[in-house]
Each structure stands twice: as structure tokens, then as C-alpha cells.
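As provided, upload31.pdb (PDB, C-alpha atoms) reads as follows.
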ATOM      1  CA  MET S 137       0.000   0.000   0.000  1.00  0.00           C
ATOM      2  CA  THR S 138       1.267   3.442  -0.797  1.00  0.00           C
ATOM      3  CA  ALA S 139       1.068   6.397   1.542  1.00  0.00           C
ATOM      4  CA  ALA S 140      -1.428   7.982  -0.862  1.00  0.00           C
ATOM      5  CA  GLU S 141      -3.668   4.916  -0.676  1.00  0.00           C
ATOM      6  CA  PHE S 142      -3.424   4.943   3.114  1.00  0.00           C
ATOM      7  CA  GLU S 143      -4.571   8.567   3.154  1.00  0.00           C
ATOM      8  CA  HIS S 144      -7.860   7.521   1.520  1.00  0.00           C
ATOM      9  CA  LEU S 145      -8.778   5.046   4.265  1.00  0.00           C
ATOM     10  CA  THR S 146     -11.360   5.974   6.853  1.00  0.00           C
ATOM     11  CA  ALA S 147     -10.128   6.309  10.429  1.00  0.00           C
ATOM     12  CA  SER S 148     -11.669   2.941  11.256  1.00  0.00           C
ATOM     13  CA  GLU S 149     -10.045   1.232   8.260  1.00  0.00           C
ATOM     14  CA  ALA S 150      -6.667   2.755   9.107  1.00  0.00           C
ATOM     15  CA  GLU S 151      -6.956   1.633  12.725  1.00  0.00           C
ATOM     16  CA  CYS S 152      -7.850  -1.927  11.679  1.00  0.00           C
ATOM     17  CA  LEU S 153      -4.982  -2.072   9.182  1.00  0.00           C
ATOM     18  CA  LEU S 154      -2.398  -0.768  11.635  1.00  0.00           C
ATOM     19  CA  THR S 155      -3.638  -3.054  14.427  1.00  0.00           C
ATOM     20  CA  GLN S 156      -3.447  -6.084  12.134  1.00  0.00           C
ATOM     21  CA  ARG S 157       0.077  -5.160  11.045  1.00  0.00           C
ATOM     22  CA  LEU S 158       1.163  -4.545  14.632  1.00  0.00           C
ATOM     23  CA  ARG S 159      -0.088  -7.963  15.740  1.00  0.00           C
ATOM     24  CA  SER S 160       1.545  -9.686  12.767  1.00  0.00           C
ATOM     25  CA  PHE S 161       4.914  -8.123  13.500  1.00  0.00           C
ATOM     26  CA  ILE S 162       4.745  -8.937  17.206  1.00  0.00           C
ATOM     27  CA  ASP S 163       3.749 -12.520  16.380  1.00  0.00           C
ATOM     28  CA  ALA S 164       6.733 -12.704  14.005  1.00  0.00           C
ATOM     29  CA  GLY S 165       9.143 -11.757  16.780  1.00  0.00           C
ATOM     30  CA  ALA S 166       9.393  -7.977  16.804  1.00  0.00           C
ATOM     31  CA  GLY S 167       9.287  -6.182  20.123  1.00  0.00           C
ATOM     32  CA  PRO S 168       6.326  -3.874  20.728  1.00  0.00           C
ATOM     33  CA  SER S 169       8.146  -0.636  19.881  1.00  0.00           C
ATOM     34  CA  GLY S 170       9.789  -2.105  16.779  1.00  0.00           C
ATOM     35  CA  ALA S 171       6.495  -3.615  15.667  1.00  0.00           C
ATOM     36  CA  LEU S 172       4.837  -0.224  16.028  1.00  0.00           C
ATOM     37  CA  ILE S 173       7.510   1.420  13.884  1.00  0.00           C
ATOM     38  CA  LEU S 174       7.116  -1.271  11.217  1.00  0.00           C
ATOM     39  CA  ALA S 175       3.314  -1.088  11.322  1.00  0.00           C
ATOM     40  CA  ALA S 176       3.411   2.641  10.652  1.00  0.00           C
ATOM     41  CA  GLN S 177       5.535   2.154   7.524  1.00  0.00           C
ATOM     42  CA  VAL S 178       2.588   1.233   5.294  1.00  0.00           C
ATOM     43  CA  GLU S 179       4.822   1.149   2.199  1.00  0.00           C
ATOM     44  CA  VAL S 180       6.564  -1.910   3.691  1.00  0.00           C
ATOM     45  CA  THR S 181       4.659  -5.050   2.775  1.00  0.00           C
ATOM     46  CA  GLU S 182       3.507  -7.056   5.753  1.00  0.00           C
ATOM     47  CA  GLU S 183       4.460 -10.375   4.176  1.00  0.00           C
ATOM     48  CA  ALA S 184       8.040  -9.341   3.414  1.00  0.00           C
ATOM     49  CA  ALA S 185       8.581  -7.871   6.882  1.00  0.00           C
ATOM     50  CA  VAL S 186       7.139 -10.950   8.611  1.00  0.00           C
ATOM     51  CA  ALA S 187       9.386 -13.223   6.546  1.00  0.00           C
ATOM     52  CA  LEU S 188      12.495 -11.286   7.566  1.00  0.00           C
ATOM     53  CA  LEU S 189      11.474 -11.095  11.222  1.00  0.00           C
ATOM     54  CA  ARG S 190      10.853 -14.851  11.317  1.00  0.00           C
ATOM     55  CA  GLN S 191      14.358 -15.377   9.929  1.00  0.00           C
ATOM     56  CA  GLY S 192      15.727 -13.502  12.934  1.00  0.00           C
ATOM     57  CA  CYS S 193      16.259 -10.052  11.453  1.00  0.00           C
ATOM     58  CA  SER S 194      15.905  -7.119  13.830  1.00  0.00           C
ATOM     59  CA  THR S 195      13.263  -4.489  13.194  1.00  0.00           C
ATOM     60  CA  ASP S 196      15.953  -2.022  12.166  1.00  0.00           C
ATOM     61  CA  LEU S 197      17.548  -4.439   9.702  1.00  0.00           C
ATOM     62  CA  THR S 198      14.136  -5.409   8.322  1.00  0.00           C
ATOM     63  CA  LEU S 199      13.330  -1.764   7.593  1.00  0.00           C
ATOM     64  CA  ARG S 200      16.715  -1.113   6.009  1.00  0.00           C
ATOM     65  CA  LEU S 201      16.484  -4.190   3.791  1.00  0.00           C
ATOM     66  CA  LEU S 202      12.946  -3.498   2.653  1.00  0.00           C
ATOM     67  CA  PHE S 203      13.515   0.202   1.991  1.00  0.00           C
ATOM     68  CA  ARG S 204      16.660  -0.674   0.029  1.00  0.00           C
ATOM     69  CA  ALA S 205      14.669  -3.241  -2.009  1.00  0.00           C
ATOM     70  CA  GLU S 206      12.018  -0.635  -2.827  1.00  0.00           C
ATOM     71  CA  ALA S 207      14.636   1.873  -3.943  1.00  0.00           C
ATOM     72  CA  ALA S 208      16.291  -0.610  -6.295  1.00  0.00           C
TER      73      ALA S 208
END
Kindly return the structure encoded in the file as C-alpha cells.
Amino acid sequence: MTAAEFEHLTASEAECLLTQRLRSFIDAGAGPSGALILAAQVEVTEEAAVALLRQGCSTDLTLRLLFRAEAA
């Protein structure tokens, strides 16, 4: 999802999306604060972040890898 697409969500839809992402990242091994940072980065796909977290990547490394992949 792009930031522009996120802007078009209702408050309720945005809350549901962010809550779902937060839970997914915590379940994948991220700490609460790291999961919150990841959840807020709506450009980062949930599936890709979960895969990296489950492989043992830190939240910081996950963000760096995924932002680098998007830039390439």
C-alpha cells in the first residue's frame, strides 16, 4: 500500500490495518516498539517484513532491507 492509498482510508479502516500489522509483527518476533515502527511504515509489505522477522532479522535491519529493495 502506498502512503497515498493509506490517506484515503477511513479512520476505522486505518486503525484496523495498523492493528493487524502490529499484531503480525509482534507474532513474528518484533518487540512492541519495533512492531509499532514497522506497522506505521505502510509502504513496507507485511508479508516481506514478517518473513524477515521470522528469519531472525531485527526491526531495524528489516526496515533497512525493505527500503533498500524498494529503492532498487
Could you spell out the hits of the PyMOL selection byres ((chain S and resi 190) around 12) on the shown file, as a list in words?
->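 That expression, the PyMOL selection byres ((chain S and resi 190) around 12), corresponds here to Ser160, Phe161, Ile162, Asp163, Ala164, Gly165, Ala166, Glu183, Ala184, Ala185, Val186, Ala187, Leu188, Leu189, Gln191, Gly192, Cys193, Ser194, Thr195 and Thr198 of chain S.
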Separation of atom CA of S:His144 from atom CA of S:Ala205 in Å |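 Separation between atom CA of S:Ala205 and atom CA of S:His144: 25.2 Å.
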Up to 10 Å from (4.2, 0.6, 13.8) in the file's coordinates: name the residues, counting only C-alpha atoms, as a list in words.
-> Leu154, Thr155, Arg157, Leu158, Arg159, Phe161, Pro168, Ser169, Gly170, Ala171, Leu172, Ile173, Leu174, Ala175, Ala176, Gln177 and Val178 of chain S
Could you write out the selected residues, including C-alpha atoms, as a CSV table (one decimal), in the coordinates of the input?
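Output saved as part_12.csv:
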chain,number,residue,atom,x,y,z
S,154,LEU,CA,-2.4,-0.8,11.6
S,155,THR,CA,-3.6,-3.1,14.4
S,157,ARG,CA,0.1,-5.2,11.0
S,158,LEU,CA,1.2,-4.5,14.6
S,159,ARG,CA,-0.1,-8.0,15.7
S,161,PHE,CA,4.9,-8.1,13.5
S,168,PRO,CA,6.3,-3.9,20.7
S,169,SER,CA,8.1,-0.6,19.9
S,170,GLY,CA,9.8,-2.1,16.8
S,171,ALA,CA,6.5,-3.6,15.7
S,172,LEU,CA,4.8,-0.2,16.0
S,173,ILE,CA,7.5,1.4,13.9
S,174,LEU,CA,7.1,-1.3,11.2
S,175,ALA,CA,3.3,-1.1,11.3
S,176,ALA,CA,3.4,2.6,10.7
S,177,GLN,CA,5.5,2.2,7.5
S,178,VAL,CA,2.6,1.2,5.3
Pairwise distance, atom CA of S:Leu197 with atom CA of S:Glu179, equals 15.8 Å
Build an axis-aligned box that encloses every atom of stretch 141-154 of chain S listed in the file, pad it by 8 Å on each side, and report its centre and edge lengths in Å to one decimal, as JSON.
{"center_x": -7.0, "center_y": 3.2, "center_z": 6.0, "size_x": 25.3, "size_y": 26.6, "size_z": 29.4}
Kindly give the distance, in Å, that separates atom CA of S:Leu201 and atom CA of S:Thr181, rounded to a single decimal.
->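 So the answer is 11.9 Å.
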